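K.L.:
My structure is in coords.pdb, and what it holds is PDB, C-alpha atoms, pLDDT in the B column:
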ATOM      1  CA  ILE A   1      10.254  21.023 -20.356  1.00 62.00           C
ATOM      2  CA  ASN A   2       9.015  17.427 -20.595  1.00 70.00           C
ATOM      3  CA  ASP A   3      11.463  15.614 -18.277  1.00 76.00           C
ATOM      4  CA  LEU A   4      12.905  17.066 -15.087  1.00 74.00           C
ATOM      5  CA  THR A   5      15.390  15.849 -12.467  1.00 79.00           C
ATOM      6  CA  ILE A   6      15.618  17.535  -9.060  1.00 76.00           C
ATOM      7  CA  PRO A   7      18.815  16.236  -7.373  1.00 72.00           C
ATOM      8  CA  PHE A   8      19.436  15.748  -3.657  1.00 71.00           C
ATOM      9  CA  SER A   9      21.746  18.765  -3.731  1.00 67.00           C
ATOM     10  CA  VAL A  10      18.683  21.020  -4.045  1.00 65.00           C
ATOM     11  CA  THR A  11      17.742  21.966  -0.485  1.00 54.00           C
ATOM     12  CA  SER A  12      15.087  24.579  -1.207  1.00 57.00           C
ATOM     13  CA  ILE A  13      12.602  25.296  -3.988  1.00 59.00           C
ATOM     14  CA  GLY A  14      10.709  28.587  -4.107  1.00 58.00           C
ATOM     15  CA  ASN A  15       6.934  28.817  -4.246  1.00 56.00           C
ATOM     16  CA  ASN A  16       5.535  28.087  -7.697  1.00 57.00           C
ATOM     17  CA  ALA A  17       9.065  27.699  -9.088  1.00 59.00           C
ATOM     18  CA  PHE A  18       7.776  25.543 -11.939  1.00 62.00           C
ATOM     19  CA  GLY A  19       4.376  27.176 -12.170  1.00 59.00           C
ATOM     20  CA  SER A  20       4.620  27.916 -15.881  1.00 63.00           C
ATOM     21  CA  CYS A  21       5.874  24.422 -16.800  1.00 65.00           C
ATOM     22  CA  ALA A  22       2.685  22.823 -18.050  1.00 68.00           C
ATOM     23  CA  GLN A  23       4.305  20.161 -20.279  1.00 72.00           C
ATOM     24  CA  ILE A  24       6.196  18.148 -17.640  1.00 75.00           C
ATOM     25  CA  ARG A  25       5.389  14.439 -17.957  1.00 83.00           C
ATOM     26  CA  SER A  26       8.296  12.697 -16.183  1.00 86.00           C
ATOM     27  CA  VAL A  27      10.001  13.653 -12.926  1.00 85.00           C
ATOM     28  CA  VAL A  28      13.011  12.339 -10.978  1.00 87.00           C
ATOM     29  CA  ILE A  29      12.775  13.603  -7.413  1.00 84.00           C
ATOM     30  CA  SER A  30      13.653  13.016  -3.761  1.00 84.00           C
ATOM     31  CA  GLY A  31      10.846  11.570  -1.661  1.00 78.00           C
ATOM     32  CA  GLU A  32      11.127  14.550   0.695  1.00 78.00           C
ATOM     33  CA  ALA A  33      11.314  17.310  -1.922  1.00 72.00           C
ATOM     34  CA  GLY A  34       7.689  18.432  -1.845  1.00 73.00           C
ATOM     35  CA  THR A  35       4.280  17.538  -3.230  1.00 79.00           C
ATOM     36  CA  LEU A  36       3.951  17.507  -7.014  1.00 83.00           C
ATOM     37  CA  SER A  37       0.868  19.703  -6.791  1.00 83.00           C
ATOM     38  CA  SER A  38       2.897  22.442  -5.075  1.00 79.00           C
ATOM     39  CA  LEU A  39       5.988  22.072  -7.273  1.00 75.00           C
ATOM     40  CA  PHE A  40       4.144  21.745 -10.581  1.00 76.00           C
ATOM     41  CA  PRO A  41       0.723  23.365 -10.104  1.00 78.00           C
ATOM     42  CA  ASN A  42       0.055  23.502 -13.859  1.00 74.00           C
ATOM     43  CA  ALA A  43       1.418  20.073 -14.735  1.00 76.00           C
ATOM     44  CA  TYR A  44       0.968  17.655 -11.843  1.00 80.00           C
ATOM     45  CA  GLN A  45      -2.263  16.183 -13.209  1.00 86.00           C
ATOM     46  CA  GLN A  46      -0.490  15.349 -16.490  1.00 88.00           C
ATOM     47  CA  ILE A  47       2.627  13.734 -14.993  1.00 88.00           C
ATOM     48  CA  VAL A  48       2.751  10.088 -16.096  1.00 90.00           C
ATOM     49  CA  SER A  49       6.009   8.783 -14.583  1.00 91.00           C
ATOM     50  CA  VAL A  50       7.961   9.501 -11.392  1.00 90.00           C
ATOM     51  CA  THR A  51      11.271   8.056 -10.207  1.00 91.00           C
ATOM     52  CA  VAL A  52      12.173   8.595  -6.560  1.00 91.00           C
ATOM     53  CA  LEU A  53      15.904   9.015  -5.991  1.00 89.00           C
ATOM     54  CA  PRO A  54      17.737   6.213  -4.146  1.00 90.00           C
ATOM     55  CA  GLY A  55      18.569   7.346  -0.635  1.00 89.00           C
ATOM     56  CA  SER A  56      15.112   8.778   0.025  1.00 90.00           C
ATOM     57  CA  GLU A  57      13.756   7.358   3.281  1.00 91.00           C
ATOM     58  CA  LYS A  58      10.165   8.572   3.158  1.00 90.00           C
ATOM     59  CA  LEU A  59       7.527   9.520   0.644  1.00 91.00           C
ATOM     60  CA  MET A  60       6.181  12.648   2.288  1.00 91.00           C
ATOM     61  CA  ASN A  61       2.492  13.201   2.964  1.00 93.00           C
ATOM     62  CA  ARG A  62       0.428  13.688  -0.207  1.00 93.00           C
ATOM     63  CA  ILE A  63       3.522  13.754  -2.438  1.00 90.00           C
ATOM     64  CA  PHE A  64       1.624  12.345  -5.457  1.00 91.00           C
ATOM     65  CA  ALA A  65      -1.944  13.141  -4.364  1.00 93.00           C
ATOM     66  CA  GLY A  66      -4.204  14.136  -7.233  1.00 92.00           C
ATOM     67  CA  CYS A  67      -1.794  13.031  -9.982  1.00 91.00           C
ATOM     68  CA  LYS A  68      -4.611  11.630 -12.081  1.00 93.00           C
ATOM     69  CA  SER A  69      -2.396  10.552 -15.005  1.00 92.00           C
ATOM     70  CA  LEU A  70       0.314   8.886 -12.917  1.00 92.00           C
ATOM     71  CA  LYS A  71       0.875   5.308 -14.117  1.00 92.00           C
ATOM     72  CA  ASN A  72       4.465   4.475 -13.198  1.00 89.00           C
ATOM     73  CA  VAL A  73       6.261   5.123  -9.909  1.00 90.00           C
ATOM     74  CA  ASP A  74       9.727   3.738  -9.214  1.00 90.00           C
ATOM     75  CA  VAL A  75      10.308   3.751  -5.448  1.00 90.00           C
ATOM     76  CA  PRO A  76      13.772   2.716  -4.135  1.00 90.00           C
ATOM     77  CA  THR A  77      14.387   0.167  -1.410  1.00 92.00           C
ATOM     78  CA  SER A  78      15.769   2.925   0.839  1.00 92.00           C
ATOM     79  CA  VAL A  79      12.186   4.119   1.515  1.00 92.00           C
ATOM     80  CA  THR A  80      10.866   2.894   4.881  1.00 93.00           C
ATOM     81  CA  GLU A  81       7.678   4.944   5.189  1.00 93.00           C
ATOM     82  CA  ILE A  82       4.948   5.969   2.775  1.00 94.00           C
ATOM     83  CA  GLY A  83       3.249   9.057   4.146  1.00 93.00           C
ATOM     84  CA  GLU A  84      -0.383   9.983   4.620  1.00 95.00           C
ATOM     85  CA  GLY A  85      -2.292  10.288   1.347  1.00 95.00           C
ATOM     86  CA  ALA A  86       0.896   9.781  -0.666  1.00 94.00           C
ATOM     87  CA  PHE A  87      -0.962   8.321  -3.669  1.00 94.00           C
ATOM     88  CA  GLU A  88      -4.462   9.545  -2.857  1.00 95.00           C
ATOM     89  CA  GLY A  89      -6.585  10.094  -5.950  1.00 95.00           C
ATOM     90  CA  CYS A  90      -4.065   8.598  -8.407  1.00 94.00           C
ATOM     91  CA  THR A  91      -6.879   7.247 -10.533  1.00 95.00           C
ATOM     92  CA  ALA A  92      -4.651   5.926 -13.362  1.00 95.00           C
ATOM     93  CA  LEU A  93      -2.495   3.781 -11.063  1.00 94.00           C
ATOM     94  CA  THR A  94      -3.381   0.129 -11.708  1.00 92.00           C
ATOM     95  CA  SER A  95      -0.716  -1.682  -9.673  1.00 89.00           C
ATOM     96  CA  ALA A  96       1.779  -0.903  -6.955  1.00 87.00           C
ATOM     97  CA  GLY A  97       4.705  -2.798  -5.481  1.00 82.00           C
ATOM     98  CA  ILE A  98       5.766  -1.603  -2.050  1.00 90.00           C
ATOM     99  CA  PRO A  99       9.564  -1.746  -1.500  1.00 89.00           C
ATOM    100  CA  ALA A 100      10.886  -4.360   0.901  1.00 90.00           C
ATOM    101  CA  GLY A 101      12.087  -1.785   3.455  1.00 91.00           C
ATOM    102  CA  VAL A 102       8.701  -0.120   4.018  1.00 94.00           C
ATOM    103  CA  THR A 103       7.325  -0.687   7.520  1.00 94.00           C
ATOM    104  CA  VAL A 104       4.457   1.842   7.601  1.00 92.00           C
ATOM    105  CA  LEU A 105       1.718   2.693   5.108  1.00 94.00           C
ATOM    106  CA  GLY A 106       0.285   6.042   6.205  1.00 95.00           C
ATOM    107  CA  LYS A 107      -3.368   6.981   6.579  1.00 96.00           C
ATOM    108  CA  GLY A 108      -5.167   6.950   3.245  1.00 97.00           C
ATOM    109  CA  ALA A 109      -1.927   6.250   1.364  1.00 96.00           C
ATOM    110  CA  PHE A 110      -3.820   4.742  -1.607  1.00 96.00           C
ATOM    111  CA  ARG A 111      -7.253   6.189  -0.858  1.00 96.00           C
ATOM    112  CA  GLY A 112      -9.340   6.763  -3.971  1.00 96.00           C
ATOM    113  CA  CYS A 113      -7.033   4.868  -6.355  1.00 96.00           C
ATOM    114  CA  SER A 114     -10.103   3.644  -8.173  1.00 96.00           C
ATOM    115  CA  THR A 115      -8.305   1.629 -10.887  1.00 95.00           C
ATOM    116  CA  LEU A 116      -5.828  -0.113  -8.569  1.00 94.00           C
ATOM    117  CA  THR A 117      -6.338  -3.852  -9.111  1.00 94.00           C
ATOM    118  CA  GLU A 118      -3.302  -5.340  -7.387  1.00 90.00           C
ATOM    119  CA  ILE A 119      -0.789  -4.421  -4.736  1.00 92.00           C
ATOM    120  CA  THR A 120       2.082  -6.370  -3.189  1.00 91.00           C
ATOM    121  CA  LEU A 121       2.872  -5.762   0.472  1.00 93.00           C
ATOM    122  CA  PRO A 122       6.355  -6.630   1.773  1.00 93.00           C
ATOM    123  CA  ASN A 123       7.099  -8.872   4.701  1.00 92.00           C
ATOM    124  CA  GLY A 124       8.460  -6.341   7.177  1.00 92.00           C
ATOM    125  CA  LEU A 125       5.454  -4.060   6.941  1.00 94.00           C
ATOM    126  CA  SER A 126       4.139  -3.579  10.482  1.00 94.00           C
ATOM    127  CA  LEU A 127       1.276  -1.085  10.248  1.00 92.00           C
ATOM    128  CA  LEU A 128      -1.629  -0.385   7.895  1.00 93.00           C
ATOM    129  CA  GLU A 129      -3.055   2.945   9.012  1.00 94.00           C
ATOM    130  CA  ASP A 130      -6.681   4.087   8.688  1.00 95.00           C
ATOM    131  CA  GLU A 131      -8.329   4.048   5.244  1.00 96.00           C
ATOM    132  CA  VAL A 132      -5.112   3.007   3.518  1.00 96.00           C
ATOM    133  CA  PHE A 133      -6.999   1.317   0.647  1.00 96.00           C
ATOM    134  CA  SER A 134     -10.344   3.072   1.063  1.00 95.00           C
ATOM    135  CA  GLY A 135     -12.086   3.638  -2.258  1.00 95.00           C
ATOM    136  CA  CYS A 136      -9.901   1.202  -4.227  1.00 95.00           C
ATOM    137  CA  SER A 137     -13.028  -0.121  -5.882  1.00 95.00           C
ATOM    138  CA  LEU A 138     -11.258  -2.497  -8.319  1.00 96.00           C
ATOM    139  CA  LEU A 139      -8.876  -4.085  -5.811  1.00 95.00           C
ATOM    140  CA  SER A 140      -9.838  -7.759  -5.885  1.00 94.00           C
ATOM    141  CA  ALA A 141      -7.410  -9.575  -3.578  1.00 94.00           C
ATOM    142  CA  ILE A 142      -4.670  -8.827  -1.086  1.00 94.00           C
ATOM    143  CA  THR A 143      -2.288 -10.774   1.129  1.00 94.00           C
ATOM    144  CA  ILE A 144      -1.388  -9.353   4.559  1.00 94.00           C
ATOM    145  CA  PRO A 145       2.184 -10.356   5.555  1.00 94.00           C
ATOM    146  CA  GLU A 146       2.797 -12.008   8.908  1.00 91.00           C
ATOM    147  CA  SER A 147       4.838  -8.960   9.977  1.00 94.00           C
ATOM    148  CA  VAL A 148       1.708  -6.768  10.086  1.00 93.00           C
ATOM    149  CA  GLY A 149       0.780  -6.316  13.733  1.00 90.00           C
ATOM    150  CA  GLU A 150      -1.856  -3.623  13.453  1.00 90.00           C
ATOM    151  CA  ILE A 151      -4.494  -2.471  10.986  1.00 90.00           C
ATOM    152  CA  GLY A 152      -6.468   0.735  11.322  1.00 90.00           C
ATOM    153  CA  SER A 153     -10.094   1.722  10.748  1.00 90.00           C
ATOM    154  CA  LYS A 154     -11.869   1.378   7.393  1.00 91.00           C
ATOM    155  CA  VAL A 155      -8.783  -0.086   5.731  1.00 93.00           C
ATOM    156  CA  PHE A 156     -10.886  -1.612   2.912  1.00 91.00           C
ATOM    157  CA  ASN A 157     -13.865   0.760   2.986  1.00 91.00           C
ATOM    158  CA  GLY A 158     -15.402   0.964  -0.478  1.00 91.00           C
ATOM    159  CA  CYS A 159     -13.313  -1.893  -1.893  1.00 92.00           C
ATOM    160  CA  THR A 160     -16.417  -3.338  -3.506  1.00 90.00           C
ATOM    161  CA  ALA A 161     -14.541  -5.837  -5.730  1.00 93.00           C
ATOM    162  CA  LEU A 162     -12.461  -7.264  -2.872  1.00 91.00           C
ATOM    163  CA  HIS A 163     -13.193 -10.983  -2.646  1.00 90.00           C
ATOM    164  CA  SER A 164     -10.097 -12.310  -0.846  1.00 91.00           C
ATOM    165  CA  VAL A 165      -7.988 -11.155   2.105  1.00 91.00           C
ATOM    166  CA  LYS A 166      -5.290 -13.612   3.138  1.00 92.00           C
ATOM    167  CA  PHE A 167      -3.498 -13.248   6.456  1.00 91.00           C
ATOM    168  CA  VAL A 168      -0.118 -14.982   6.606  1.00 92.00           C
ATOM    169  CA  GLY A 169       0.444 -14.579  10.348  1.00 88.00           C
ATOM    170  CA  ASN A 170      -1.315 -14.114  13.664  1.00 87.00           C
ATOM    171  CA  ALA A 171      -4.354 -11.901  14.075  1.00 84.00           C
ATOM    172  CA  PRO A 172      -3.325  -8.217  14.067  1.00 86.00           C
ATOM    173  CA  LEU A 173      -4.462  -5.598  16.526  1.00 84.00           C
ATOM    174  CA  ALA A 174      -7.514  -3.889  15.104  1.00 79.00           C
ATOM    175  CA  ASP A 175     -10.538  -1.864  16.112  1.00 71.00           C
ATOM    176  CA  GLY A 176     -14.256  -2.348  15.544  1.00 70.00           C
ATOM    177  CA  GLU A 177     -14.204  -0.542  12.204  1.00 79.00           C
ATOM    178  CA  SER A 178     -11.242  -2.165  10.485  1.00 80.00           C
ATOM    179  CA  TYR A 179     -13.567  -4.148   8.202  1.00 80.00           C
ATOM    180  CA  THR A 180     -16.198  -1.438   7.761  1.00 80.00           C
ATOM    181  CA  GLY A 181     -17.419  -1.131   4.181  1.00 81.00           C
ATOM    182  CA  VAL A 182     -16.229  -4.494   2.833  1.00 82.00           C
ATOM    183  CA  SER A 183     -18.283  -6.607   0.447  1.00 79.00           C
ATOM    184  CA  SER A 184     -20.551  -9.261   1.949  1.00 76.00           C
ATOM    185  CA  SER A 185     -18.926 -11.779  -0.432  1.00 80.00           C
ATOM    186  CA  LEU A 186     -15.430 -11.220   0.967  1.00 83.00           C
ATOM    187  CA  ILE A 187     -13.626 -14.354   2.134  1.00 85.00           C
ATOM    188  CA  THR A 188     -10.913 -13.926   4.755  1.00 85.00           C
ATOM    189  CA  TYR A 189      -8.286 -16.655   4.953  1.00 88.00           C
ATOM    190  CA  VAL A 190      -6.427 -17.250   8.209  1.00 86.00           C
ATOM    191  CA  PRO A 191      -3.447 -19.629   8.492  1.00 86.00           C
ATOM    192  CA  TYR A 192      -3.340 -22.923  10.306  1.00 82.00           C
ATOM    193  CA  ALA A 193      -1.366 -22.826  13.580  1.00 77.00           C
ATOM    194  CA  SER A 194      -1.685 -19.040  13.875  1.00 78.00           C
ATOM    195  CA  MET A 195      -2.818 -17.274  17.043  1.00 78.00           C
ATOM    196  CA  GLY A 196      -5.388 -14.661  18.039  1.00 75.00           C
ATOM    197  CA  TRP A 197      -8.331 -15.810  15.928  1.00 69.00           C
ATOM    198  CA  ASP A 198     -10.298 -16.896  19.023  1.00 57.00           C
ATOM    199  CA  GLY A 199     -10.867 -20.514  18.053  1.00 46.00           C
ATOM    200  CA  ILE A 200     -12.958 -19.752  15.019  1.00 48.00           C
ATOM    201  CA  SER A 201     -12.885 -23.351  13.795  1.00 44.00           C
ATOM    202  CA  ALA A 202     -14.954 -24.452  16.766  1.00 34.00           C
ATOM    203  CA  SER A 203     -16.768 -21.542  18.369  1.00 35.00           C
ATOM    204  CA  MET A 204     -16.794 -19.037  15.504  1.00 41.00           C
ATOM    205  CA  ALA A 205     -16.056 -16.370  18.117  1.00 44.00           C
ATOM    206  CA  LEU A 206     -14.629 -13.738  15.829  1.00 49.00           C
ATOM    207  CA  PRO A 207     -12.133 -10.936  16.355  1.00 56.00           C
ATOM    208  CA  GLU A 208     -13.857  -7.654  17.116  1.00 55.00           C
ATOM    209  CA  PHE A 209     -13.155  -6.136  13.705  1.00 60.00           C
ATOM    210  CA  TRP A 210     -15.386  -8.669  11.906  1.00 60.00           C
ATOM    211  CA  PRO A 211     -18.792  -7.133  11.103  1.00 59.00           C
ATOM    212  CA  ALA A 212     -21.861  -8.947  12.408  1.00 58.00           C
ATOM    213  CA  GLY A 213     -23.102 -11.703  10.127  1.00 55.00           C
ATOM    214  CA  TYR A 214     -19.713 -12.494   8.565  1.00 55.00           C
ATOM    215  CA  GLU A 215     -19.272 -15.855  10.285  1.00 52.00           C
ATOM    216  CA  ASN A 216     -19.346 -17.824   7.033  1.00 47.00           C
ATOM    217  CA  THR A 217     -16.665 -15.842   5.219  1.00 71.00           C
ATOM    218  CA  ILE A 218     -13.625 -17.236   7.029  1.00 75.00           C
ATOM    219  CA  GLU A 219     -11.549 -20.162   5.823  1.00 79.00           C
ATOM    220  CA  TRP A 220      -8.309 -21.770   6.961  1.00 79.00           C
ATOM    221  CA  TRP A 221      -5.380 -21.891   4.555  1.00 84.00           C
ATOM    222  CA  ASN A 222      -1.757 -22.987   4.553  1.00 86.00           C
ATOM    223  CA  PRO A 223       0.624 -20.243   3.375  1.00 83.00           C
ATOM    224  CA  ILE A 224       3.523 -21.575   1.354  1.00 71.00           C
ATOM    225  CA  ARG A 225       6.875 -20.359   2.645  1.00 55.00           C
ATOM    226  CA  PHE A 226      10.166 -20.956   0.907  1.00 44.00           C
ATOM    227  CA  ASP A 227      13.504 -21.189   2.697  1.00 41.00           C
ATOM    228  CA  VAL A 228      16.288 -20.686   0.171  1.00 40.00           C
ATOM    229  CA  THR A 229      19.924 -21.499   0.911  1.00 38.00           C
ATOM    230  CA  PHE A 230      22.603 -20.148  -1.420  1.00 38.00           C
ATOM    231  CA  ASP A 231      25.908 -21.958  -1.904  1.00 41.00           C
ATOM    232  CA  TRP A 232      28.353 -19.075  -2.349  1.00 43.00           C
ATOM    233  CA  ASN A 233      31.183 -21.545  -3.048  1.00 40.00           C
ATOM    234  CA  CYS A 234      29.336 -22.917  -6.100  1.00 43.00           C
ATOM    235  CA  GLY A 235      30.315 -26.414  -5.091  1.00 45.00           C
ATOM    236  CA  ASN A 236      34.054 -25.668  -4.787  1.00 45.00           C
TER     237      ASN A 236
END
When written as structure tokens, how does the structure in this file appear?

P.N.:
Amino acid sequence: INDLTIPFSVTSIGNNAFGSCAQIRSVVISGEAGTLSSLFPNAYQQIVSVTVLPGSEKLMNRIFAGCKSLKNVDVPTSVTEIGEGAFEGCTALTSAGIPAGVTVLGKGAFRGCSTLTEITLPNGLSLLEDEVFSGCSLLSAITIPESVGEIGSKVFNGCTALHSVKFVGNAPLADGESYTGVSSSLITYVPYASMGWDGISASMALPEFWPAGYENTIEWWNPIRFDVTFDWNCGN
């Protein structure tokens, strides 16, 4: 078996049901069906492509963890939560687009994705949990949507190539370790007319999650927002 579809109608899968299927490379599956390592113990490290069935609302904890060959993941807009460690250790994953409906990225969701260079976060995302991008050593830039109200500890720990973090909205809630492990060359951009940055333009009094000595790595910027109006009557 090279390609396998597990439909929503399947409500239970026995232990090691696909244990002898070592040639599986592509899987269509519900986001709540189970981890690939438990479903395909002899194939999960060779799986290259996964499509999550529309209607799935969550990618369960560690669903793709350790899938070292995984390059393509198609996640539907019905998904609102990406669970803890969902993509942890997916070392072949170079980019990821988070669906518009996702509001929570779980702890360590992309931890150890060492070839991840770009990721797009949707406006509507409210929480980045601890270590969500920890160990993404090739991630170079990221934009934090204005909807994000809280970021956890060590979110960018080990992101040694990260040179730009752009916040689109007000300062999020954070703790003293949110920026632990970032590069000393990182520049953080905060938007004009936003709140919660403690008057950094004048006093340089920084939010508590900035490490000591990072006063010169903050710049103001003006996010470009587009308001689009559609004429459904097409001029008629």

K.L.:
For each of A:Glu219, A:Glu57, A:Glu177, A:Glu131, take the minimum atom-to-atom distance to Phe156 in chain A, counting only C-alpha atoms, then give the residue where this is smallest.

P.N.:
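Looking only at the distances to Phe156 in chain A, the closest residue turns out to be A:Glu131.
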
K.L.:
Work out how far CA of Cys67 in chain A is from CA of Val165 in chain A, in Å to one decimal.

P.N.:
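Taking CA of Val165 in chain A and CA of Cys67 in chain A, their separation equals 27.7 Å.
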
K.L.:
Distance CA of Gln46 in chain A-CA of Lys68 in chain A, one decimal place?

P.N.:
7.1 Å

K.L.:
If you apply the PyMOL selection byres ((chain A and resi 50-56) around 8) to this file, what residues do you get, as a PyMOL selection string?

P.N.:
chain A and resi 7-8+26-32+47-49+57-59+70+72-79

K.L.:
Give me, please, the distance in Å between CA of Lys107 in chain A and CA of Ala86 in chain A, quoted to one decimal.

P.N.:
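Interatomic distance, CA of Lys107 in chain A to CA of Ala86 in chain A: 8.9 Å.
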
K.L.:
Spell out the residues picked by the PyMOL selection byres ((chain A and resi 184-194) around 7) here, as a compact mmCIF listing (two decimals) with C-alpha atoms, keeping the file's coordinate frame.

P.N.:
# COMPACT_ATOMS: atom_id res chain seq x y z
CA LEU A 162 -12.46 -7.26 -2.87
CA HIS A 163 -13.19 -10.98 -2.65
CA SER A 164 -10.10 -12.31 -0.85
CA VAL A 165 -7.99 -11.16 2.10
CA LYS A 166 -5.29 -13.61 3.14
CA PHE A 167 -3.50 -13.25 6.46
CA VAL A 168 -0.12 -14.98 6.61
CA GLY A 169 0.44 -14.58 10.35
CA ASN A 170 -1.32 -14.11 13.66
CA VAL A 182 -16.23 -4.49 2.83
CA SER A 183 -18.28 -6.61 0.45
CA MET A 195 -2.82 -17.27 17.04
CA THR A 217 -16.66 -15.84 5.22
CA ILE A 218 -13.62 -17.24 7.03
CA GLU A 219 -11.55 -20.16 5.82
CA TRP A 220 -8.31 -21.77 6.96
CA TRP A 221 -5.38 -21.89 4.56
CA ASN A 222 -1.76 -22.99 4.55
CA PRO A 223 0.62 -20.24 3.38

K.L.:
Restricting the calculation to all atoms listed in the file: of A:Thr117, A:Gly101, A:Thr35, A:Ala141, which residue gets closest to Glu88 in chain A?

P.N.:
A:Thr35

K.L.:
Counting all atoms listed in the file, find the residues whose atoms lie at most 6 Å from (-8.5, -3.2, 12.7) (file coordinates) and write them out as a list in words.

P.N.:
Ile151, Gly152, Ser153, Ala174, Asp175, Ser178 and Phe209 of chain A

K.L.:
Between A:Glu150, A:Glu84, A:Glu118, A:Asp3, single out the one closest to Ala43 in chain A, counting all atoms listed in the file.

P.N.:
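Of A:Glu150, A:Glu84, A:Glu118, A:Asp3, the one nearest Ala43 in chain A is A:Asp3, counting all atoms listed in the file.
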
K.L.:
Identify which of the residues A:Gly181, A:Gly149, A:Gly83, A:Pro122 lies closest to Ser137 in chain A, counting all atoms listed in the file when measuring atom-to-atom distances.

P.N.:
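Comparing A:Gly181, A:Gly149, A:Gly83, A:Pro122 against Ser137 in chain A, the winner is A:Gly181.
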
K.L.:
Can you work out which one of A:Ala161, A:Cys113, A:Arg25, A:Val104 has the shortest atom-to-atom distance to Ala65 in chain A, counting all atoms listed in the file?

P.N.:
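Closest residue, counting all atoms listed in the file: A:Cys113.
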
K.L.:
Name every residue that the PyMOL selection byres ((chain A and resi 135) around 8) selects in this structure, writing the answer as a JSON list (two decimals) with C-alpha atoms, keeping the file's coordinate frame with chains first and numbers rising.

P.N.:
[["chain", "number", "residue", "atom", "x", "y", "z"],
["A", 111, "ARG", "CA", -7.25, 6.19, -0.86],
["A", 112, "GLY", "CA", -9.34, 6.76, -3.97],
["A", 113, "CYS", "CA", -7.03, 4.87, -6.36],
["A", 114, "SER", "CA", -10.10, 3.64, -8.17],
["A", 133, "PHE", "CA", -7.00, 1.32, 0.65],
["A", 134, "SER", "CA", -10.34, 3.07, 1.06],
["A", 136, "CYS", "CA", -9.90, 1.20, -4.23],
["A", 137, "SER", "CA", -13.03, -0.12, -5.88],
["A", 156, "PHE", "CA", -10.89, -1.61, 2.91],
["A", 157, "ASN", "CA", -13.86, 0.76, 2.99],
["A", 158, "GLY", "CA", -15.40, 0.96, -0.48],
["A", 159, "CYS", "CA", -13.31, -1.89, -1.89]]

K.L.:
Put the listed atoms of range 118-135 of chain A in a box along x, y and z with 8 Å added on every side and give me the centre and edge lengths in Å to one decimal, as AutoDock Vina command-line options.

P.N.:
--center_x -1.8 --center_y -2.4 --center_z 1.5 --size_x 36.5 --size_y 29.0 --size_z 33.9

K.L.:
Using only C-alpha atoms, can you tell me which of A:Asn2, A:Leu139, A:Thr180, A:Asp130 comes closest to Gly85 in chain A?

P.N.:
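When distances to Gly85 in chain A are compared using only C-alpha atoms, the smallest one comes from A:Asp130.
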
K.L.:
Taking 4 positions as the minimum chain separation for residues in the same chain, which residues sit within 8 Å of Thr120 in chain A when counting all atoms listed in the file? Answer as an MDAnalysis selection string.

P.N.:
chainID A and resid 96:98 142:143
